[in-house]
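Below: the structure, in structure tokens.
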Amino acid sequence: METRTGSGPAHWEHLHHDADIGLRGCGASLAEAFEQAALALTAVVCHPQRVLCVDRVDIHCESPDPETLFVKWLNALIYESATRKVLFGRFRVTITEGTLDARAWGEPIDRDRHQPAAEPKGATYTGLRVEHAAGGCWTAECVIDV
Amino acid sequence: MDTDRLTRINAYCWRVEPVDGMHVPAVFYADEALLRAMDDKVREQACNVAKLPGIVGASYAMPDAHWGYGFPIGGVAAFDPDQGGVVSAGGVGFDISCGVRTLTTGLTRRDIEPLKTQLAERLYREIPAGLGSTGRISLNEREMDAMLEGGARWAVARGWGDPGDLERIEEAGCMAGAQADCVSGHARQRQRNEMGTLGSGNHYAEVQEVTEIFDDRTARSFGLEPGGVVISIHSGSRGLGHQIGTEYLTEMVAAAPEYGIDLPERELACAPLRSGAGERYLGAMRAAINCALANRQILSELVRGVFRSLFPGCALDLLYDVSHNTCKEESHRVEGTLRSLFVHRKGATRAFGPGHPDIPASLRDIGQPVLIGGSMGTGSHILVGTDSAGALSWSSACHGAGRRMSRRRANRTWQGKQVIETLSRKGIIVRSPSARGVAEEAPGAYKDVDAVVDAAQASGLARKVARCQPLVCVKG
């Protein structure tokens, strides 16, 4: 498992899947788990540390169900990335009663520097899980079609 | 996959009898070695598909089946609208109408070799490949609608190719029933600059040499001869298809309870064929099929342009164009009666046998060409449809080698630069914007395509015609 650890419980992982890629974000809050999962999404394409955070995109999505909200969040990032031809390297998410507001920072894709690999096509409901563990850590994960 | 949990019918056919809510059996076409290499999730997913309303016959898995989302990749299932049958966005996949087309060149490897490096560079320059690339065509709303409802016919009418190409494309290049008004603004936006782009991942444009002929008569009819050079293009409906898949999957997940559908897994989200959501999805999905047909038509013209400039006078004739992520309404015989069924093929190739009315007249006596992509280092196969596949798999066969290793593991096992150097020593030139992308697509990450097509032939799904070896590969 490829893991990048941030401060505290915050980290992301890529999970085994034969043809596609599973991703998991973990954090002290639901919002932090979503932020970490977004880093894992970028890492499908290139290492997030290679992305300069110079441009900002605001994202808003809603769902009363945290799992559906997670899929919508990832799909919103895939859409913004695909239509703007950008990669994101930093995220700030707030979630209040089923409403997600986020800021994502990144830059236009530089094919020489980023060496972009597989293209995320969409977030699936396979392996979809959003959980708050007894120890206090939040986990959000699903499989991305690439 | 644990074969002890399957009933062996013969060396190439295994089944799970209907249990636990399955309406039909799950049937696997593969030899024991291929089955053992499949994840147990393939069995689980094929059995879950057998639980969906209105499924007819069986839930089939092709020899290259692997773990997907909802349906297995390499899954085939037909549904009867008169029996409450459904359409599933996950049963088609996100890359709607992803497929392969092959063109003959009339050239031989000896013609190509002196200019091979130049050819690779020119193809790499002309074909927008990889994440972040954009096409040369930007469609306004009116042209977008015309493309979505016209497919390859639209592309040919705009000068991208010859009218003669159309008969060598499934649906004669234009999927009927496409509804541009079922395609969202987001899906259109995602496609606006992506017409004529190859994509990334396992998509490619390859120059290949025909290295083996298994069926002389059929090969001649297909214009194939030993040492001959062909072009194969593997691409799909790009961002538009991905967005349609995303949006309708979400809609179907939410709508399933309203339609009284008890989903064994949320990822199997579906809607009745005769419902608002089902009909809208079919309209949008067919528009995405047209997008893919138009896209591969444009890519073909980019390749033709390069060949014409390097090999003046050469003619690149389209052998055939197949789509392997679709749901299509087809007539099939069920217990002696012709019925109209909606056949989902997710990572499976339509493989009509000789005489089928949907095969172009010039190939009707022979059978439909079935184009199977392998990895960039091993090879591809051209097969032909059989009479027997109608009863075995709704006339379906495999679509590729299928991955045996995850992208993550492949990326840790190989380095892109090394893969390119190794293939270069074998006479295969690879050009790609991403070294990591090449590592993830390393030949060793894929199953043995020869074993897959051998199983397809032995089980009667299709018959081998020719094997092709890459000479130049442009990867996304």
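Labels used: A, B, ... for chains in the order of the structure tokens, numbers from 1 for residues in each chain, and numbers from 1 for ligands as shown.
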Exercise for the section: Show me which bits of chain B are within 6 Å of chain A, counting only C-alpha atoms, as a ChimeraX atom specification. Expected result: /B:69,132,190,200-201,242,246,267,405-406,434,436-437
Handout entry: Non-local contacts of B:Val19 (10 Å; only C-alpha atoms; under 4 positions in same chain excluded) as JSON, numbers by chain
Key = {"B": [23, 24, 25, 47, 50, 51]}
Handout entry: Test item: residues at most 12 Å from B:Arg43, only C-alpha atoms, excluding those fewer than 5 positions along its chain, as a PyMOL selection string
Key = chain B and resi 1-6+14-17+25-29+35-38+48-50+59-62+65-68+70-75
Preceding selection exported with C-alpha atoms as a PDB file, in the first residue's frame:
```
ATOM      1  CA  MET B   1     -10.810 -17.592  -8.436  1.00  0.00           C
ATOM      2  CA  ASP B   2     -11.522 -20.770  -6.553  1.00  0.00           C
ATOM      3  CA  THR B   3     -12.656 -23.221  -9.252  1.00  0.00           C
ATOM      4  CA  ASP B   4     -13.983 -25.579  -6.568  1.00  0.00           C
ATOM      5  CA  ARG B   5     -16.915 -23.182  -6.281  1.00  0.00           C
ATOM      6  CA  LEU B   6     -17.771 -23.620  -9.984  1.00  0.00           C
ATOM      7  CA  TRP B  14     -17.768 -23.348 -16.034  1.00  0.00           C
ATOM      8  CA  ARG B  15     -20.921 -22.285 -14.225  1.00  0.00           C
ATOM      9  CA  VAL B  16     -22.501 -21.278 -10.958  1.00  0.00           C
ATOM     10  CA  GLU B  17     -26.063 -22.573 -10.733  1.00  0.00           C
ATOM     11  CA  PRO B  25     -26.712 -19.128 -13.862  1.00  0.00           C
ATOM     12  CA  ALA B  26     -23.357 -17.388 -14.145  1.00  0.00           C
ATOM     13  CA  VAL B  27     -21.271 -18.889 -16.951  1.00  0.00           C
ATOM     14  CA  PHE B  28     -17.508 -18.463 -17.312  1.00  0.00           C
ATOM     15  CA  TYR B  29     -15.667 -19.151 -20.569  1.00  0.00           C
ATOM     16  CA  LEU B  35      -9.946 -18.857 -14.103  1.00  0.00           C
ATOM     17  CA  ARG B  36      -7.500 -19.444 -11.267  1.00  0.00           C
ATOM     18  CA  ALA B  37      -5.771 -16.172 -12.160  1.00  0.00           C
ATOM     19  CA  MET B  38      -9.057 -14.235 -11.891  1.00  0.00           C
ATOM     20  CA  ASN B  48     -24.711 -10.382  -8.666  1.00  0.00           C
ATOM     21  CA  VAL B  49     -25.515  -9.493 -12.289  1.00  0.00           C
ATOM     22  CA  ALA B  50     -27.559 -12.727 -12.445  1.00  0.00           C
ATOM     23  CA  SER B  59     -24.669 -13.814 -16.751  1.00  0.00           C
ATOM     24  CA  TYR B  60     -21.572 -14.466 -18.858  1.00  0.00           C
ATOM     25  CA  ALA B  61     -17.890 -13.789 -18.192  1.00  0.00           C
ATOM     26  CA  MET B  62     -15.431 -13.787 -21.088  1.00  0.00           C
ATOM     27  CA  ALA B  65     -12.753 -11.139 -17.320  1.00  0.00           C
ATOM     28  CA  HIS B  66     -11.452  -9.184 -14.377  1.00  0.00           C
ATOM     29  CA  TRP B  67     -12.783  -7.318 -11.369  1.00  0.00           C
ATOM     30  CA  GLY B  68     -14.750  -4.240 -12.397  1.00  0.00           C
ATOM     31  CA  GLY B  70     -20.882  -3.573 -10.685  1.00  0.00           C
ATOM     32  CA  PHE B  71     -20.475  -5.813 -13.684  1.00  0.00           C
ATOM     33  CA  PRO B  72     -17.145  -7.568 -14.112  1.00  0.00           C
ATOM     34  CA  ILE B  73     -15.044  -6.271 -16.987  1.00  0.00           C
ATOM     35  CA  GLY B  74     -15.532  -8.972 -19.599  1.00  0.00           C
ATOM     36  CA  GLY B  75     -19.161  -9.317 -18.526  1.00  0.00           C
TER      37      GLY B  75
END
```
Practice task
Counting only C-alpha atoms, figure out which residue out of A:Trp12, A:Cys61, A:Cys26, A:Ile95 gets nearest to A:Cys137.
Solution key: A:Cys26
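One finds atom CA of B:Ser380 at 6.5 Å from atom CA of B:Gln469.
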Practice task
Would you return as a PyMOL selection string the members of stretch 276-357 of chain B that DSSP assigns to helix (DSSP H, G or I) on this structure's backbone?
Solution key: chain B and resi 276-310
Store the residues picked out above, limited to C-alpha atoms, as an mmCIF file, in the first residue's frame.
```
data_model
loop_
_atom_site.group_PDB
_atom_site.id
_atom_site.type_symbol
_atom_site.label_atom_id
_atom_site.label_comp_id
_atom_site.auth_asym_id
_atom_site.auth_seq_id
_atom_site.Cartn_x
_atom_site.Cartn_y
_atom_site.Cartn_z
ATOM 1 C CA GLY B 276 -37.891 7.607 -17.784
ATOM 2 C CA ALA B 277 -34.406 7.128 -16.337
ATOM 3 C CA GLY B 278 -33.776 4.042 -18.469
ATOM 4 C CA GLU B 279 -34.849 5.699 -21.700
ATOM 5 C CA ARG B 280 -32.879 8.880 -20.991
ATOM 6 C CA TYR B 281 -29.766 6.844 -20.258
ATOM 7 C CA LEU B 282 -30.190 4.862 -23.483
ATOM 8 C CA GLY B 283 -30.512 8.131 -25.434
ATOM 9 C CA ALA B 284 -27.389 9.581 -23.806
ATOM 10 C CA MET B 285 -25.407 6.335 -23.978
ATOM 11 C CA ARG B 286 -26.161 6.003 -27.705
ATOM 12 C CA ALA B 287 -25.010 9.610 -28.186
ATOM 13 C CA ALA B 288 -21.769 8.652 -26.423
ATOM 14 C CA ILE B 289 -21.417 5.686 -28.789
ATOM 15 C CA ASN B 290 -21.632 8.160 -31.660
ATOM 16 C CA CYS B 291 -19.032 10.337 -29.964
ATOM 17 C CA ALA B 292 -16.661 7.370 -29.771
ATOM 18 C CA LEU B 293 -17.283 6.411 -33.411
ATOM 19 C CA ALA B 294 -16.623 10.011 -34.497
ATOM 20 C CA ASN B 295 -13.515 10.183 -32.322
ATOM 21 C CA ARG B 296 -11.967 7.025 -33.771
ATOM 22 C CA GLN B 297 -12.877 8.257 -37.266
ATOM 23 C CA ILE B 298 -10.984 11.515 -36.670
ATOM 24 C CA LEU B 299 -8.012 9.650 -35.174
ATOM 25 C CA SER B 300 -7.931 7.436 -38.269
ATOM 26 C CA GLU B 301 -7.654 10.484 -40.491
ATOM 27 C CA LEU B 302 -4.755 11.832 -38.418
ATOM 28 C CA VAL B 303 -2.980 8.490 -38.918
ATOM 29 C CA ARG B 304 -3.827 8.474 -42.624
ATOM 30 C CA GLY B 305 -2.343 11.944 -42.999
ATOM 31 C CA VAL B 306 0.977 10.792 -41.553
ATOM 32 C CA PHE B 307 1.093 7.684 -43.732
ATOM 33 C CA ARG B 308 0.212 9.605 -46.894
ATOM 34 C CA SER B 309 3.057 12.018 -46.281
ATOM 35 C CA LEU B 310 5.642 9.301 -45.593
#
```
Handout entry: Who sits within 12 Å of A:Trp105, only C-alpha atoms, same chain under 2 positions skipped, as a PyMOL selection string
Key = chain A and resi 35+38-39+42+48+51-59+77+80-81+86-93+102-103+107-108
Quick one: write out the picked residues with N, CA and C atoms as a compact mmCIF listing (two decimals), in the first residue's frame?
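Ended up saving to out.txt:
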```txt
# COMPACT_ATOMS: atom_id res chain seq x y z
N GLU A 35 -10.30 15.73 2.21
CA GLU A 35 -9.12 16.42 1.68
C GLU A 35 -8.02 15.43 1.32
N ALA A 38 -8.77 13.51 -1.73
CA ALA A 38 -8.54 14.32 -2.92
C ALA A 38 -7.05 14.28 -3.31
N LEU A 39 -6.17 14.26 -2.31
CA LEU A 39 -4.74 14.12 -2.62
C LEU A 39 -4.47 12.76 -3.27
N THR A 42 -5.36 12.99 -6.90
CA THR A 42 -4.30 13.60 -7.69
C THR A 42 -3.16 12.61 -7.91
N PRO A 48 1.28 14.51 -5.75
CA PRO A 48 0.73 15.84 -5.43
C PRO A 48 1.79 16.88 -5.13
N VAL A 51 2.76 19.36 -7.83
CA VAL A 51 1.78 20.32 -8.31
C VAL A 51 1.94 21.64 -7.58
N LEU A 52 2.13 22.72 -8.33
CA LEU A 52 2.21 24.05 -7.73
C LEU A 52 0.80 24.56 -7.47
N CYS A 53 0.59 25.14 -6.30
CA CYS A 53 -0.76 25.55 -5.92
C CYS A 53 -0.92 27.04 -6.19
N VAL A 54 -1.13 27.41 -7.42
CA VAL A 54 -1.17 28.82 -7.80
C VAL A 54 -2.58 29.30 -8.19
N ASP A 55 -3.41 28.40 -8.71
CA ASP A 55 -4.77 28.79 -9.11
C ASP A 55 -5.78 28.16 -8.16
N ARG A 56 -6.89 28.85 -7.94
CA ARG A 56 -7.89 28.34 -7.00
C ARG A 56 -9.22 28.09 -7.70
N VAL A 57 -9.85 26.98 -7.35
CA VAL A 57 -11.19 26.65 -7.85
C VAL A 57 -12.07 26.37 -6.64
N ASP A 58 -13.27 26.96 -6.64
CA ASP A 58 -14.22 26.71 -5.54
C ASP A 58 -15.21 25.63 -5.95
N ILE A 59 -15.51 24.74 -5.05
CA ILE A 59 -16.39 23.60 -5.33
C ILE A 59 -17.47 23.52 -4.27
N LEU A 77 -14.21 17.14 -8.53
CA LEU A 77 -12.78 17.39 -8.77
C LEU A 77 -12.36 16.86 -10.14
N GLU A 80 -13.71 19.32 -12.77
CA GLU A 80 -12.96 20.58 -12.83
C GLU A 80 -11.57 20.36 -13.42
N SER A 81 -10.95 19.25 -13.03
CA SER A 81 -9.61 18.95 -13.55
C SER A 81 -9.65 18.70 -15.05
N VAL A 86 -6.31 21.06 -15.42
CA VAL A 86 -5.45 21.40 -14.28
C VAL A 86 -5.27 20.19 -13.37
N LEU A 87 -4.26 20.26 -12.51
CA LEU A 87 -4.09 19.30 -11.43
C LEU A 87 -4.15 20.07 -10.12
N PHE A 88 -4.72 19.43 -9.11
CA PHE A 88 -4.83 20.08 -7.80
C PHE A 88 -3.85 19.47 -6.81
N GLY A 89 -3.25 20.33 -5.96
CA GLY A 89 -2.28 19.82 -4.99
C GLY A 89 -2.60 20.16 -3.55
N ARG A 90 -3.63 20.99 -3.33
CA ARG A 90 -4.00 21.37 -1.95
C ARG A 90 -5.50 21.62 -1.89
N PHE A 91 -6.09 21.25 -0.75
CA PHE A 91 -7.55 21.33 -0.63
C PHE A 91 -7.91 21.83 0.76
N ARG A 92 -8.98 22.62 0.81
CA ARG A 92 -9.55 22.97 2.11
C ARG A 92 -11.06 22.74 2.01
N VAL A 93 -11.54 21.81 2.85
CA VAL A 93 -12.93 21.37 2.77
C VAL A 93 -13.65 21.72 4.07
N ALA A 102 -15.64 23.77 -0.76
CA ALA A 102 -14.21 23.48 -0.79
C ALA A 102 -13.47 24.47 -1.67
N ARG A 103 -12.20 24.62 -1.36
CA ARG A 103 -11.29 25.34 -2.24
C ARG A 103 -10.19 24.37 -2.63
N GLU A 107 -2.61 23.93 -10.62
CA GLU A 107 -2.00 24.61 -11.76
C GLU A 107 -2.33 23.85 -13.04
N PRO A 108 -2.19 24.50 -14.20
CA PRO A 108 -2.41 23.80 -15.47
C PRO A 108 -1.45 22.62 -15.61
```
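Coordinates place atom CA of A:Gln49 at a distance of 13.8 Å from atom CA of A:His11.
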Handout entry: Those of stretch 48-122 of chain A in DSSP strand (DSSP E), formatted as a PyMOL selection string
Key = chain A and resi 55-62+86-96+99-108+122
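Atom CA of B:Asp95 sits 24.9 Å away from atom CA of B:Ala389.
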Exercise for the section: Tell me which protein, DNA and RNA residues are within 12 Å of B:Glu335, counting only C-alpha atoms, leaving out same-chain ones fewer than 6 positions away, and put them as an MDAnalysis selection string. Expected result: chainID B and resid 56:57 390:391
Would you save the residues from that selection as an mmCIF file, in the first residue's frame, using N, CA and C atoms?
```
data_model
loop_
_atom_site.group_PDB
_atom_site.id
_atom_site.type_symbol
_atom_site.label_atom_id
_atom_site.label_comp_id
_atom_site.auth_asym_id
_atom_site.auth_seq_id
_atom_site.Cartn_x
_atom_site.Cartn_y
_atom_site.Cartn_z
ATOM 1 N N VAL B 56 -31.844 -12.556 -19.015
ATOM 2 C CA VAL B 56 -32.231 -13.715 -19.833
ATOM 3 C C VAL B 56 -31.009 -14.611 -20.050
ATOM 4 N N GLY B 57 -31.214 -15.895 -19.993
ATOM 5 C CA GLY B 57 -30.161 -16.862 -20.320
ATOM 6 C C GLY B 57 -29.182 -17.069 -19.194
ATOM 7 N N GLY B 390 -23.782 -17.267 -30.868
ATOM 8 C CA GLY B 390 -25.140 -16.772 -30.633
ATOM 9 C C GLY B 390 -25.762 -17.446 -29.420
ATOM 10 N N ALA B 391 -25.639 -18.766 -29.373
ATOM 11 C CA ALA B 391 -26.240 -19.517 -28.267
ATOM 12 C C ALA B 391 -25.359 -19.509 -27.018
#
```
Practice task
Would you list the contacts of B:Gly106 as a PyMOL selection string, taking every protein, DNA or RNA residue within 9 Å and counting only C-alpha atoms, but skipping same-chain residues closer than 3 positions in sequence?
Solution key: chain B and resi 223-224+228-230+314-317
